[in-house]
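The file coords06.txt contains compact mmCIF, N, CA and C atoms:
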```
# COMPACT_ATOMS: atom_id res chain seq x y z
N MET A 1 3.62 3.79 15.03
CA MET A 1 3.45 5.19 15.32
C MET A 1 2.13 5.67 14.71
N THR A 2 1.33 6.31 15.49
CA THR A 2 0.11 6.96 15.01
C THR A 2 0.14 8.39 15.51
N LYS A 3 -0.16 9.31 14.58
CA LYS A 3 -0.13 10.73 14.92
C LYS A 3 -1.30 11.39 14.21
N LYS A 4 -1.91 12.36 14.85
CA LYS A 4 -3.00 13.10 14.22
C LYS A 4 -2.50 14.51 13.92
N ILE A 5 -2.63 14.90 12.66
CA ILE A 5 -2.26 16.25 12.21
C ILE A 5 -3.51 16.88 11.63
N GLY A 6 -4.13 17.78 12.39
CA GLY A 6 -5.41 18.33 11.96
C GLY A 6 -6.42 17.21 11.87
N LYS A 7 -7.02 17.05 10.68
CA LYS A 7 -8.01 15.99 10.46
C LYS A 7 -7.40 14.74 9.85
N ILE A 8 -6.09 14.71 9.70
CA ILE A 8 -5.41 13.59 9.05
C ILE A 8 -4.75 12.69 10.10
N ILE A 9 -5.02 11.40 10.02
CA ILE A 9 -4.37 10.41 10.88
C ILE A 9 -3.20 9.84 10.09
N VAL A 10 -2.00 9.93 10.67
CA VAL A 10 -0.78 9.46 10.02
C VAL A 10 -0.28 8.23 10.77
N GLN A 11 -0.02 7.16 10.03
CA GLN A 11 0.47 5.92 10.63
C GLN A 11 1.59 5.34 9.79
N GLU A 12 2.51 4.64 10.44
CA GLU A 12 3.48 3.83 9.72
C GLU A 12 2.82 2.50 9.42
N ALA A 13 3.20 1.91 8.31
CA ALA A 13 2.62 0.62 7.92
C ALA A 13 3.68 -0.21 7.21
N ASN A 14 3.36 -1.47 6.97
CA ASN A 14 4.25 -2.39 6.26
C ASN A 14 3.67 -2.72 4.90
N GLN A 15 4.51 -2.62 3.90
CA GLN A 15 4.12 -2.97 2.55
C GLN A 15 5.02 -4.09 2.05
N ILE A 16 4.43 -5.06 1.36
CA ILE A 16 5.21 -6.06 0.66
C ILE A 16 5.04 -5.80 -0.83
N SER A 17 6.10 -6.04 -1.57
CA SER A 17 6.08 -5.87 -3.02
C SER A 17 6.61 -7.15 -3.65
N PHE A 18 5.98 -7.56 -4.74
CA PHE A 18 6.40 -8.80 -5.38
C PHE A 18 5.92 -8.83 -6.81
N VAL A 19 6.43 -9.81 -7.54
CA VAL A 19 6.09 -10.01 -8.95
C VAL A 19 5.37 -11.34 -9.08
N LEU A 20 4.34 -11.34 -9.91
CA LEU A 20 3.55 -12.56 -10.19
C LEU A 20 3.48 -12.78 -11.69
N ASP A 21 3.27 -14.01 -12.10
CA ASP A 21 2.97 -14.28 -13.50
C ASP A 21 1.60 -13.69 -13.80
N ASN A 22 1.45 -13.09 -14.95
CA ASN A 22 0.19 -12.46 -15.35
C ASN A 22 -0.72 -13.51 -16.01
N VAL A 23 -1.31 -14.35 -15.14
CA VAL A 23 -2.19 -15.42 -15.61
C VAL A 23 -3.45 -15.44 -14.73
N PRO A 24 -4.56 -15.90 -15.28
CA PRO A 24 -5.78 -15.97 -14.47
C PRO A 24 -5.56 -16.78 -13.19
N GLY A 25 -6.04 -16.26 -12.09
CA GLY A 25 -5.96 -16.98 -10.82
C GLY A 25 -4.74 -16.66 -9.98
N SER A 26 -3.75 -15.94 -10.52
CA SER A 26 -2.54 -15.69 -9.74
C SER A 26 -2.83 -14.81 -8.52
N LEU A 27 -3.63 -13.78 -8.69
CA LEU A 27 -3.98 -12.93 -7.55
C LEU A 27 -4.83 -13.70 -6.54
N ALA A 28 -5.71 -14.54 -7.02
CA ALA A 28 -6.54 -15.36 -6.11
C ALA A 28 -5.66 -16.26 -5.25
N ARG A 29 -4.63 -16.87 -5.85
CA ARG A 29 -3.72 -17.74 -5.08
C ARG A 29 -3.02 -16.94 -3.99
N VAL A 30 -2.59 -15.73 -4.29
CA VAL A 30 -1.92 -14.87 -3.30
C VAL A 30 -2.90 -14.53 -2.18
N ALA A 31 -4.08 -14.06 -2.54
CA ALA A 31 -5.07 -13.65 -1.54
C ALA A 31 -5.48 -14.83 -0.66
N GLU A 32 -5.63 -16.00 -1.24
CA GLU A 32 -5.99 -17.19 -0.46
C GLU A 32 -4.87 -17.59 0.49
N ALA A 33 -3.63 -17.53 0.02
CA ALA A 33 -2.48 -17.88 0.89
C ALA A 33 -2.40 -16.92 2.07
N LEU A 34 -2.63 -15.63 1.82
CA LEU A 34 -2.60 -14.66 2.91
C LEU A 34 -3.77 -14.88 3.87
N ARG A 35 -4.93 -15.16 3.32
CA ARG A 35 -6.09 -15.48 4.17
C ARG A 35 -5.80 -16.68 5.07
N ASP A 36 -5.24 -17.72 4.48
CA ASP A 36 -4.94 -18.94 5.23
C ASP A 36 -3.89 -18.70 6.32
N ALA A 37 -3.02 -17.70 6.11
CA ALA A 37 -1.99 -17.35 7.10
C ALA A 37 -2.49 -16.28 8.07
N ASN A 38 -3.76 -15.92 7.96
CA ASN A 38 -4.37 -14.90 8.82
C ASN A 38 -3.68 -13.53 8.68
N VAL A 39 -3.30 -13.20 7.46
CA VAL A 39 -2.69 -11.90 7.16
C VAL A 39 -3.76 -11.02 6.52
N ASN A 40 -3.97 -9.84 7.07
CA ASN A 40 -4.96 -8.91 6.52
C ASN A 40 -4.31 -8.00 5.48
N ILE A 41 -4.95 -7.89 4.32
CA ILE A 41 -4.52 -6.95 3.29
C ILE A 41 -5.26 -5.64 3.55
N GLU A 42 -4.51 -4.59 3.89
CA GLU A 42 -5.11 -3.30 4.25
C GLU A 42 -5.14 -2.32 3.08
N GLY A 43 -4.44 -2.65 2.03
CA GLY A 43 -4.42 -1.84 0.82
C GLY A 43 -3.60 -2.57 -0.22
N MET A 44 -3.86 -2.30 -1.50
CA MET A 44 -3.08 -2.97 -2.52
C MET A 44 -3.13 -2.25 -3.86
N SER A 45 -2.10 -2.51 -4.63
CA SER A 45 -1.99 -2.05 -6.00
C SER A 45 -1.54 -3.24 -6.83
N HIS A 46 -2.18 -3.46 -7.96
CA HIS A 46 -1.89 -4.62 -8.83
C HIS A 46 -1.75 -4.06 -10.24
N SER A 47 -0.53 -4.04 -10.79
CA SER A 47 -0.28 -3.39 -12.08
C SER A 47 0.47 -4.31 -13.02
N GLU A 48 0.01 -4.34 -14.27
CA GLU A 48 0.72 -5.16 -15.23
C GLU A 48 2.05 -4.53 -15.59
N SER A 49 3.00 -5.37 -15.96
CA SER A 49 4.34 -4.96 -16.36
C SER A 49 4.48 -5.14 -17.86
N PRO A 50 5.53 -4.59 -18.44
CA PRO A 50 5.71 -4.73 -19.90
C PRO A 50 5.93 -6.17 -20.36
N ASP A 51 6.35 -7.04 -19.45
CA ASP A 51 6.57 -8.44 -19.83
C ASP A 51 5.32 -9.26 -19.49
N THR A 52 5.47 -10.48 -19.10
CA THR A 52 4.32 -11.36 -18.82
C THR A 52 4.06 -11.47 -17.32
N THR A 53 4.37 -10.40 -16.57
CA THR A 53 4.18 -10.42 -15.13
C THR A 53 3.34 -9.23 -14.68
N VAL A 54 2.95 -9.26 -13.42
CA VAL A 54 2.31 -8.12 -12.76
C VAL A 54 3.11 -7.82 -11.50
N THR A 55 3.10 -6.56 -11.11
CA THR A 55 3.76 -6.15 -9.87
C THR A 55 2.69 -5.77 -8.87
N ASP A 56 2.79 -6.35 -7.68
CA ASP A 56 1.84 -6.08 -6.62
C ASP A 56 2.53 -5.39 -5.45
N HIS A 57 1.81 -4.48 -4.84
CA HIS A 57 2.22 -3.83 -3.60
C HIS A 57 1.03 -4.00 -2.66
N MET A 58 1.27 -4.57 -1.48
CA MET A 58 0.19 -4.80 -0.53
C MET A 58 0.60 -4.30 0.85
N VAL A 59 -0.28 -3.54 1.45
CA VAL A 59 -0.11 -3.14 2.84
C VAL A 59 -0.70 -4.27 3.67
N VAL A 60 0.13 -4.87 4.53
CA VAL A 60 -0.30 -6.02 5.32
C VAL A 60 -0.01 -5.80 6.80
N ASP A 61 -0.74 -6.51 7.63
CA ASP A 61 -0.55 -6.36 9.07
C ASP A 61 0.54 -7.27 9.63
N LYS A 62 0.92 -8.32 8.91
CA LYS A 62 1.92 -9.28 9.40
C LYS A 62 2.91 -9.62 8.29
N VAL A 63 4.03 -8.91 8.26
CA VAL A 63 4.99 -9.06 7.16
C VAL A 63 5.63 -10.44 7.13
N GLU A 64 6.14 -10.92 8.24
CA GLU A 64 6.84 -12.21 8.23
C GLU A 64 5.91 -13.36 7.88
N GLU A 65 4.68 -13.32 8.37
CA GLU A 65 3.71 -14.35 8.02
C GLU A 65 3.39 -14.29 6.53
N ALA A 66 3.28 -13.08 5.99
CA ALA A 66 3.02 -12.91 4.55
C ALA A 66 4.19 -13.46 3.73
N ARG A 67 5.40 -13.13 4.17
CA ARG A 67 6.60 -13.61 3.46
C ARG A 67 6.60 -15.15 3.40
N LYS A 68 6.32 -15.79 4.52
CA LYS A 68 6.29 -17.26 4.57
C LYS A 68 5.17 -17.82 3.70
N ALA A 69 4.00 -17.22 3.79
CA ALA A 69 2.84 -17.72 3.04
C ALA A 69 3.04 -17.60 1.53
N LEU A 70 3.80 -16.60 1.10
CA LEU A 70 3.95 -16.35 -0.34
C LEU A 70 5.26 -16.86 -0.92
N SER A 71 6.10 -17.45 -0.10
CA SER A 71 7.46 -17.82 -0.53
C SER A 71 7.48 -18.72 -1.77
N SER A 72 6.52 -19.57 -1.93
CA SER A 72 6.52 -20.47 -3.09
C SER A 72 5.60 -20.00 -4.21
N ILE A 73 4.95 -18.86 -4.02
CA ILE A 73 3.96 -18.39 -5.01
C ILE A 73 4.46 -17.22 -5.83
N VAL A 74 5.21 -16.30 -5.20
CA VAL A 74 5.60 -15.05 -5.85
C VAL A 74 7.10 -15.02 -6.14
N LYS A 75 7.49 -14.04 -6.94
CA LYS A 75 8.90 -13.83 -7.26
C LYS A 75 9.37 -12.54 -6.57
N SER A 76 10.58 -12.56 -6.12
CA SER A 76 11.29 -11.38 -5.57
C SER A 76 10.45 -10.54 -4.60
N LEU A 77 10.05 -11.12 -3.50
CA LEU A 77 9.27 -10.40 -2.49
C LEU A 77 10.20 -9.54 -1.64
N SER A 78 9.80 -8.28 -1.42
CA SER A 78 10.53 -7.39 -0.53
C SER A 78 9.52 -6.69 0.37
N ALA A 79 10.01 -6.13 1.46
CA ALA A 79 9.14 -5.43 2.40
C ALA A 79 9.68 -4.02 2.61
N GLN A 80 8.77 -3.07 2.76
CA GLN A 80 9.13 -1.67 2.99
C GLN A 80 8.24 -1.08 4.06
N ARG A 81 8.78 -0.12 4.79
CA ARG A 81 7.96 0.69 5.70
C ARG A 81 7.39 1.83 4.87
N ILE A 82 6.10 2.09 5.03
CA ILE A 82 5.45 3.17 4.29
C ILE A 82 4.64 4.02 5.27
N ILE A 83 4.02 5.05 4.74
CA ILE A 83 3.17 5.94 5.52
C ILE A 83 1.75 5.80 5.01
N THR A 84 0.80 5.73 5.94
CA THR A 84 -0.62 5.70 5.61
C THR A 84 -1.26 6.95 6.18
N LEU A 85 -2.01 7.65 5.34
CA LEU A 85 -2.73 8.86 5.74
C LEU A 85 -4.22 8.58 5.61
N GLN A 86 -4.99 8.92 6.64
CA GLN A 86 -6.43 8.68 6.61
C GLN A 86 -7.18 9.96 6.96
N VAL A 87 -8.26 10.19 6.24
CA VAL A 87 -9.20 11.26 6.60
C VAL A 87 -10.60 10.66 6.60
N LEU A 88 -11.46 11.20 7.43
CA LEU A 88 -12.83 10.70 7.49
C LEU A 88 -13.78 11.52 6.63
N ASP A 89 -13.29 12.64 6.11
CA ASP A 89 -14.13 13.56 5.34
C ASP A 89 -13.37 13.99 4.09
N ASP A 90 -13.31 13.08 3.09
CA ASP A 90 -12.55 13.34 1.87
C ASP A 90 -13.15 14.49 1.08
N ARG A 91 -12.31 15.36 0.62
CA ARG A 91 -12.70 16.51 -0.19
C ARG A 91 -11.73 16.67 -1.35
N PRO A 92 -12.13 17.36 -2.41
CA PRO A 92 -11.18 17.66 -3.47
C PRO A 92 -9.96 18.38 -2.90
N GLY A 93 -8.79 17.92 -3.32
CA GLY A 93 -7.56 18.56 -2.87
C GLY A 93 -6.77 17.78 -1.83
N PHE A 94 -7.29 16.64 -1.37
CA PHE A 94 -6.57 15.87 -0.36
C PHE A 94 -5.21 15.44 -0.89
N ILE A 95 -5.16 14.88 -2.09
CA ILE A 95 -3.89 14.45 -2.67
C ILE A 95 -3.01 15.67 -2.95
N ALA A 96 -3.59 16.75 -3.43
CA ALA A 96 -2.81 17.97 -3.68
C ALA A 96 -2.17 18.49 -2.39
N LEU A 97 -2.92 18.48 -1.30
CA LEU A 97 -2.40 18.92 -0.01
C LEU A 97 -1.21 18.07 0.42
N VAL A 98 -1.35 16.76 0.34
CA VAL A 98 -0.29 15.84 0.74
C VAL A 98 0.94 16.04 -0.16
N ALA A 99 0.73 16.06 -1.46
CA ALA A 99 1.85 16.21 -2.40
C ALA A 99 2.58 17.54 -2.18
N ARG A 100 1.86 18.61 -1.94
CA ARG A 100 2.48 19.92 -1.70
C ARG A 100 3.29 19.91 -0.42
N LYS A 101 2.74 19.36 0.67
CA LYS A 101 3.45 19.30 1.95
C LYS A 101 4.76 18.53 1.80
N PHE A 102 4.72 17.39 1.13
CA PHE A 102 5.94 16.61 0.92
C PHE A 102 6.91 17.36 0.01
N GLY A 103 6.41 17.92 -1.07
CA GLY A 103 7.27 18.67 -1.99
C GLY A 103 7.95 19.85 -1.33
N ASP A 104 7.19 20.60 -0.53
CA ASP A 104 7.76 21.76 0.16
C ASP A 104 8.82 21.35 1.17
N ALA A 105 8.73 20.12 1.69
CA ALA A 105 9.72 19.61 2.64
C ALA A 105 10.86 18.89 1.90
N TYR A 106 10.88 18.95 0.56
CA TYR A 106 11.90 18.30 -0.27
C TYR A 106 11.92 16.78 -0.06
N ILE A 107 10.74 16.23 0.14
CA ILE A 107 10.59 14.78 0.28
C ILE A 107 9.93 14.27 -0.99
N ASN A 108 10.58 13.32 -1.64
CA ASN A 108 10.08 12.78 -2.90
C ASN A 108 9.10 11.64 -2.65
N ILE A 109 7.93 11.73 -3.23
CA ILE A 109 6.96 10.63 -3.18
C ILE A 109 7.31 9.67 -4.30
N GLU A 110 7.71 8.46 -3.94
CA GLU A 110 8.13 7.46 -4.92
C GLU A 110 6.98 6.58 -5.38
N GLN A 111 6.01 6.40 -4.50
CA GLN A 111 4.88 5.53 -4.82
C GLN A 111 3.68 6.02 -4.01
N ILE A 112 2.51 5.99 -4.63
CA ILE A 112 1.30 6.41 -3.91
C ILE A 112 0.11 5.66 -4.49
N TYR A 113 -0.78 5.22 -3.61
CA TYR A 113 -2.07 4.72 -4.06
C TYR A 113 -3.12 5.20 -3.07
N HIS A 114 -4.31 5.42 -3.58
CA HIS A 114 -5.36 6.14 -2.86
C HIS A 114 -6.68 5.41 -3.04
N ALA A 115 -7.48 5.40 -2.00
CA ALA A 115 -8.84 4.86 -2.09
C ALA A 115 -9.76 5.78 -1.32
N SER A 116 -10.95 6.01 -1.85
CA SER A 116 -11.89 6.91 -1.21
C SER A 116 -13.31 6.36 -1.33
N ALA A 117 -14.10 6.63 -0.31
CA ALA A 117 -15.52 6.28 -0.36
C ALA A 117 -16.31 7.36 -1.08
N GLY A 118 -15.61 8.35 -1.62
CA GLY A 118 -16.25 9.45 -2.33
C GLY A 118 -16.26 10.71 -1.50
N ARG A 119 -16.67 11.79 -2.13
CA ARG A 119 -16.70 13.09 -1.47
C ARG A 119 -17.43 13.00 -0.14
N GLY A 120 -16.75 13.46 0.92
CA GLY A 120 -17.34 13.44 2.24
C GLY A 120 -17.16 12.14 3.00
N GLY A 121 -16.67 11.10 2.32
CA GLY A 121 -16.45 9.80 2.97
C GLY A 121 -15.01 9.64 3.42
N ALA A 122 -14.71 8.48 3.92
CA ALA A 122 -13.35 8.18 4.37
C ALA A 122 -12.43 7.99 3.16
N ALA A 123 -11.16 8.34 3.35
CA ALA A 123 -10.16 8.16 2.30
C ALA A 123 -8.84 7.74 2.94
N VAL A 124 -8.07 6.96 2.19
CA VAL A 124 -6.76 6.48 2.64
C VAL A 124 -5.76 6.68 1.52
N ILE A 125 -4.58 7.16 1.89
CA ILE A 125 -3.44 7.23 0.98
C ILE A 125 -2.34 6.39 1.59
N HIS A 126 -1.77 5.50 0.77
CA HIS A 126 -0.58 4.76 1.16
C HIS A 126 0.55 5.32 0.30
N LEU A 127 1.67 5.70 0.95
CA LEU A 127 2.76 6.24 0.14
C LEU A 127 4.12 5.83 0.69
N ARG A 128 5.07 5.77 -0.25
CA ARG A 128 6.47 5.52 0.08
C ARG A 128 7.24 6.72 -0.40
N ALA A 129 8.09 7.25 0.45
CA ALA A 129 8.79 8.49 0.13
C ALA A 129 10.26 8.38 0.51
N SER A 130 11.05 9.26 -0.08
CA SER A 130 12.48 9.31 0.27
C SER A 130 12.90 10.76 0.47
```
C-alpha cells encoding of this file:
Amino acid sequence: MTKKIGKIIVQEANQISFVLDNVPGSLARVAEALRDANVNIEGMSHSESPDTTVTDHMVVDKVEEARKALSSIVKSLSAQRIITLQVLDDRPGFIALVARKFGDAYINIEQIYHASAGRGGAAVIHLRAS
C-alpha cells in the first residue's frame, strides 16, 4: 500500500528483528548474507543490549529470503509489518507532526527510527505502532 498525504508518502513495509552476539564482524556477516540472498536493507537500527548481544531491526524488501539467509547466523528472528513515512523536503517538526497525529488518534508508537539528508533534503521514518 502506498498513499500520499499532503507532502508525506506513506507505505507499508516489512521489518525483521533479531539478536546477534556483540562481537566484531557480526553485523558484517548479516549484511553479507543478505547481500548474497539479494535482499535489500532499506533501513536499520543496531542497538546494544544490557547483556553480550545487540538487537537489530531491519526494513527489508524480501522477508522470507532474509529469514532463510539469516537462519544460522542470528537468534530469535521475527518479522513485523511497519509503516514508512517519506518526505522530500525535511524541516524541523517532521517527527513532532507524526508523533502528534498518532497520539491524537490514540495510536501508540512502539518503535521509531529516522534518517534525514538534512534540512530541506529527503527524510524517512520507519515506525511500528499499536
Enumerate as a short mmCIF file (atom, residue, chain, number, x, y, z; two decimals) with N, CA and C atoms, in the frame of the given file all residues of chain A assigned to strand (DSSP E) by DSSP on the backbone, naming them with the chain letters and numbers the document uses.
```cif
data_model
loop_
_atom_site.label_atom_id
_atom_site.label_comp_id
_atom_site.auth_asym_id
_atom_site.auth_seq_id
_atom_site.Cartn_x
_atom_site.Cartn_y
_atom_site.Cartn_z
N THR A 2 1.33 6.31 15.49
CA THR A 2 0.11 6.96 15.01
C THR A 2 0.14 8.39 15.51
N LYS A 3 -0.16 9.31 14.58
CA LYS A 3 -0.13 10.73 14.92
C LYS A 3 -1.30 11.39 14.21
N LYS A 4 -1.91 12.36 14.85
CA LYS A 4 -3.00 13.10 14.22
C LYS A 4 -2.50 14.51 13.92
N ILE A 5 -2.63 14.90 12.66
CA ILE A 5 -2.26 16.25 12.21
C ILE A 5 -3.51 16.88 11.63
N ILE A 8 -6.09 14.71 9.70
CA ILE A 8 -5.41 13.59 9.05
C ILE A 8 -4.75 12.69 10.10
N ILE A 9 -5.02 11.40 10.02
CA ILE A 9 -4.37 10.41 10.88
C ILE A 9 -3.20 9.84 10.09
N VAL A 10 -2.00 9.93 10.67
CA VAL A 10 -0.78 9.46 10.02
C VAL A 10 -0.28 8.23 10.77
N GLN A 11 -0.02 7.16 10.03
CA GLN A 11 0.47 5.92 10.63
C GLN A 11 1.59 5.34 9.79
N GLU A 12 2.51 4.64 10.44
CA GLU A 12 3.48 3.83 9.72
C GLU A 12 2.82 2.50 9.42
N ALA A 13 3.20 1.91 8.31
CA ALA A 13 2.62 0.62 7.92
C ALA A 13 3.68 -0.21 7.21
N ASN A 14 3.36 -1.47 6.97
CA ASN A 14 4.25 -2.39 6.26
C ASN A 14 3.67 -2.72 4.90
N GLN A 15 4.51 -2.62 3.90
CA GLN A 15 4.12 -2.97 2.55
C GLN A 15 5.02 -4.09 2.05
N ILE A 16 4.43 -5.06 1.36
CA ILE A 16 5.21 -6.06 0.66
C ILE A 16 5.04 -5.80 -0.83
N SER A 17 6.10 -6.04 -1.57
CA SER A 17 6.08 -5.87 -3.02
C SER A 17 6.61 -7.15 -3.65
N PHE A 18 5.98 -7.56 -4.74
CA PHE A 18 6.40 -8.80 -5.38
C PHE A 18 5.92 -8.83 -6.81
N VAL A 19 6.43 -9.81 -7.54
CA VAL A 19 6.09 -10.01 -8.95
C VAL A 19 5.37 -11.34 -9.08
N LEU A 20 4.34 -11.34 -9.91
CA LEU A 20 3.55 -12.56 -10.19
C LEU A 20 3.48 -12.78 -11.69
N ASP A 21 3.27 -14.01 -12.10
CA ASP A 21 2.97 -14.28 -13.50
C ASP A 21 1.60 -13.69 -13.80
N ILE A 41 -4.95 -7.89 4.32
CA ILE A 41 -4.52 -6.95 3.29
C ILE A 41 -5.26 -5.64 3.55
N GLU A 42 -4.51 -4.59 3.89
CA GLU A 42 -5.11 -3.30 4.25
C GLU A 42 -5.14 -2.32 3.08
N GLY A 43 -4.44 -2.65 2.03
CA GLY A 43 -4.42 -1.84 0.82
C GLY A 43 -3.60 -2.57 -0.22
N MET A 44 -3.86 -2.30 -1.50
CA MET A 44 -3.08 -2.97 -2.52
C MET A 44 -3.13 -2.25 -3.86
N SER A 45 -2.10 -2.51 -4.63
CA SER A 45 -1.99 -2.05 -6.00
C SER A 45 -1.54 -3.24 -6.83
N HIS A 46 -2.18 -3.46 -7.96
CA HIS A 46 -1.89 -4.62 -8.83
C HIS A 46 -1.75 -4.06 -10.24
N SER A 47 -0.53 -4.04 -10.79
CA SER A 47 -0.28 -3.39 -12.08
C SER A 47 0.47 -4.31 -13.02
N GLU A 48 0.01 -4.34 -14.27
CA GLU A 48 0.72 -5.16 -15.23
C GLU A 48 2.05 -4.53 -15.59
N THR A 53 4.37 -10.40 -16.57
CA THR A 53 4.18 -10.42 -15.13
C THR A 53 3.34 -9.23 -14.68
N VAL A 54 2.95 -9.26 -13.42
CA VAL A 54 2.31 -8.12 -12.76
C VAL A 54 3.11 -7.82 -11.50
N THR A 55 3.10 -6.56 -11.11
CA THR A 55 3.76 -6.15 -9.87
C THR A 55 2.69 -5.77 -8.87
N ASP A 56 2.79 -6.35 -7.68
CA ASP A 56 1.84 -6.08 -6.62
C ASP A 56 2.53 -5.39 -5.45
N HIS A 57 1.81 -4.48 -4.84
CA HIS A 57 2.22 -3.83 -3.60
C HIS A 57 1.03 -4.00 -2.66
N MET A 58 1.27 -4.57 -1.48
CA MET A 58 0.19 -4.80 -0.53
C MET A 58 0.60 -4.30 0.85
N VAL A 59 -0.28 -3.54 1.45
CA VAL A 59 -0.11 -3.14 2.84
C VAL A 59 -0.70 -4.27 3.67
N VAL A 60 0.13 -4.87 4.53
CA VAL A 60 -0.30 -6.02 5.32
C VAL A 60 -0.01 -5.80 6.80
N LYS A 75 7.49 -14.04 -6.94
CA LYS A 75 8.90 -13.83 -7.26
C LYS A 75 9.37 -12.54 -6.57
N SER A 76 10.58 -12.56 -6.12
CA SER A 76 11.29 -11.38 -5.57
C SER A 76 10.45 -10.54 -4.60
N LEU A 77 10.05 -11.12 -3.50
CA LEU A 77 9.27 -10.40 -2.49
C LEU A 77 10.20 -9.54 -1.64
N SER A 78 9.80 -8.28 -1.42
CA SER A 78 10.53 -7.39 -0.53
C SER A 78 9.52 -6.69 0.37
N ALA A 79 10.01 -6.13 1.46
CA ALA A 79 9.14 -5.43 2.40
C ALA A 79 9.68 -4.02 2.61
N GLN A 80 8.77 -3.07 2.76
CA GLN A 80 9.13 -1.67 2.99
C GLN A 80 8.24 -1.08 4.06
N ARG A 81 8.78 -0.12 4.79
CA ARG A 81 7.96 0.69 5.70
C ARG A 81 7.39 1.83 4.87
N ILE A 82 6.10 2.09 5.03
CA ILE A 82 5.45 3.17 4.29
C ILE A 82 4.64 4.02 5.27
N ILE A 83 4.02 5.05 4.74
CA ILE A 83 3.17 5.94 5.52
C ILE A 83 1.75 5.80 5.01
N THR A 84 0.80 5.73 5.94
CA THR A 84 -0.62 5.70 5.61
C THR A 84 -1.26 6.95 6.18
N LEU A 85 -2.01 7.65 5.34
CA LEU A 85 -2.73 8.86 5.74
C LEU A 85 -4.22 8.58 5.61
N GLN A 86 -4.99 8.92 6.64
CA GLN A 86 -6.43 8.68 6.61
C GLN A 86 -7.18 9.96 6.96
N VAL A 87 -8.26 10.19 6.24
CA VAL A 87 -9.20 11.26 6.60
C VAL A 87 -10.60 10.66 6.60
N ILE A 109 7.93 11.73 -3.23
CA ILE A 109 6.96 10.63 -3.18
C ILE A 109 7.31 9.67 -4.30
N GLU A 110 7.71 8.46 -3.94
CA GLU A 110 8.13 7.46 -4.92
C GLU A 110 6.98 6.58 -5.38
N GLN A 111 6.01 6.40 -4.50
CA GLN A 111 4.88 5.53 -4.82
C GLN A 111 3.68 6.02 -4.01
N ILE A 112 2.51 5.99 -4.63
CA ILE A 112 1.30 6.41 -3.91
C ILE A 112 0.11 5.66 -4.49
N TYR A 113 -0.78 5.22 -3.61
CA TYR A 113 -2.07 4.72 -4.06
C TYR A 113 -3.12 5.20 -3.07
N HIS A 114 -4.31 5.42 -3.58
CA HIS A 114 -5.36 6.14 -2.86
C HIS A 114 -6.68 5.41 -3.04
N ALA A 115 -7.48 5.40 -2.00
CA ALA A 115 -8.84 4.86 -2.09
C ALA A 115 -9.76 5.78 -1.32
N SER A 116 -10.95 6.01 -1.85
CA SER A 116 -11.89 6.91 -1.21
C SER A 116 -13.31 6.36 -1.33
N ALA A 123 -11.16 8.34 3.35
CA ALA A 123 -10.16 8.16 2.30
C ALA A 123 -8.84 7.74 2.94
N VAL A 124 -8.07 6.96 2.19
CA VAL A 124 -6.76 6.48 2.64
C VAL A 124 -5.76 6.68 1.52
N ILE A 125 -4.58 7.16 1.89
CA ILE A 125 -3.44 7.23 0.98
C ILE A 125 -2.34 6.39 1.59
N HIS A 126 -1.77 5.50 0.77
CA HIS A 126 -0.58 4.76 1.16
C HIS A 126 0.55 5.32 0.30
N LEU A 127 1.67 5.70 0.95
CA LEU A 127 2.76 6.24 0.14
C LEU A 127 4.12 5.83 0.69
N ARG A 128 5.07 5.77 -0.25
CA ARG A 128 6.47 5.52 0.08
C ARG A 128 7.24 6.72 -0.40
N ALA A 129 8.09 7.25 0.45
CA ALA A 129 8.79 8.49 0.13
C ALA A 129 10.26 8.38 0.51
#
```
>> So that I can check the surroundings of Gly121 of chain A, please list as a ChimeraX atom specification every protein, DNA and RNA residue that reaches within 6.5 Å of it, counting all atoms listed in the file and ignoring chain neighbours fewer than 2 positions away.
In response: /A:87-91,116-119,123
Selection file, N, CA and C atoms, as a compact mmCIF listing (two decimals), keeping the file's coordinate frame:
```txt
# COMPACT_ATOMS: atom_id res chain seq x y z
N VAL A 87 -8.26 10.19 6.24
CA VAL A 87 -9.20 11.26 6.60
C VAL A 87 -10.60 10.66 6.60
N LEU A 88 -11.46 11.20 7.43
CA LEU A 88 -12.83 10.70 7.49
C LEU A 88 -13.78 11.52 6.63
N ASP A 89 -13.29 12.64 6.11
CA ASP A 89 -14.13 13.56 5.34
C ASP A 89 -13.37 13.99 4.09
N ASP A 90 -13.31 13.08 3.09
CA ASP A 90 -12.55 13.34 1.87
C ASP A 90 -13.15 14.49 1.08
N ARG A 91 -12.31 15.36 0.62
CA ARG A 91 -12.70 16.51 -0.19
C ARG A 91 -11.73 16.67 -1.35
N SER A 116 -10.95 6.01 -1.85
CA SER A 116 -11.89 6.91 -1.21
C SER A 116 -13.31 6.36 -1.33
N ALA A 117 -14.10 6.63 -0.31
CA ALA A 117 -15.52 6.28 -0.36
C ALA A 117 -16.31 7.36 -1.08
N GLY A 118 -15.61 8.35 -1.62
CA GLY A 118 -16.25 9.45 -2.33
C GLY A 118 -16.26 10.71 -1.50
N ARG A 119 -16.67 11.79 -2.13
CA ARG A 119 -16.70 13.09 -1.47
C ARG A 119 -17.43 13.00 -0.14
N ALA A 123 -11.16 8.34 3.35
CA ALA A 123 -10.16 8.16 2.30
C ALA A 123 -8.84 7.74 2.94
```
> Hey, which of A:Arg128, A:Glu12, A:Ala79, A:Ala96 ends up closest to Asn108 of chain A? Count only C-alpha atoms.
Replying inline: A:Arg128
>> As an exercise, work out the distance from atom C of Thr55 of chain A to atom N of Pro92 of chain A in Å and give it to one decimal place.
In response: 28.2 Å
>> Taking only chain A into account, list the residues labelled helix (DSSP H, G or I) by DSSP (computed from the backbone), as a ChimeraX atom specification.
In response: /A:26-36,63-70,94-104
With 8 Å on each side, where is the centre of the axis-aligned box around all listed atoms of segment 81-91 of chain A, and how long are its edges in Å to one decimal, as AutoDock Vina command-line options?
```
--center_x -2.7 --center_y 8.3 --center_z 3.1 --size_x 38.9 --size_y 32.8 --size_z 24.8
```
>> Let me make sure I understand: among A:Ile8, A:Met44, A:Ala99, A:Val60, which one has the smallest atom-to-atom distance to Leu27 of chain A if we use only C-alpha atoms?
In response: A:Met44
>> Neighbouring residues of Ser45 of chain A were defined as those with any atom within 12 Å, considering only C-alpha atoms; residues of the same chain fewer than 5 positions away were excluded. Please report them as a list in words.
In response: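 So, after excluding close chain neighbours, the residues are Gln15, Ile16, Ser17, Phe18, Val19, Leu27, Val54, Thr55, Asp56, His57, Met58, Val59, Gln111, Ile112, Tyr113, His114, Ala115, Ile125, His126 and Leu127 of chain A.
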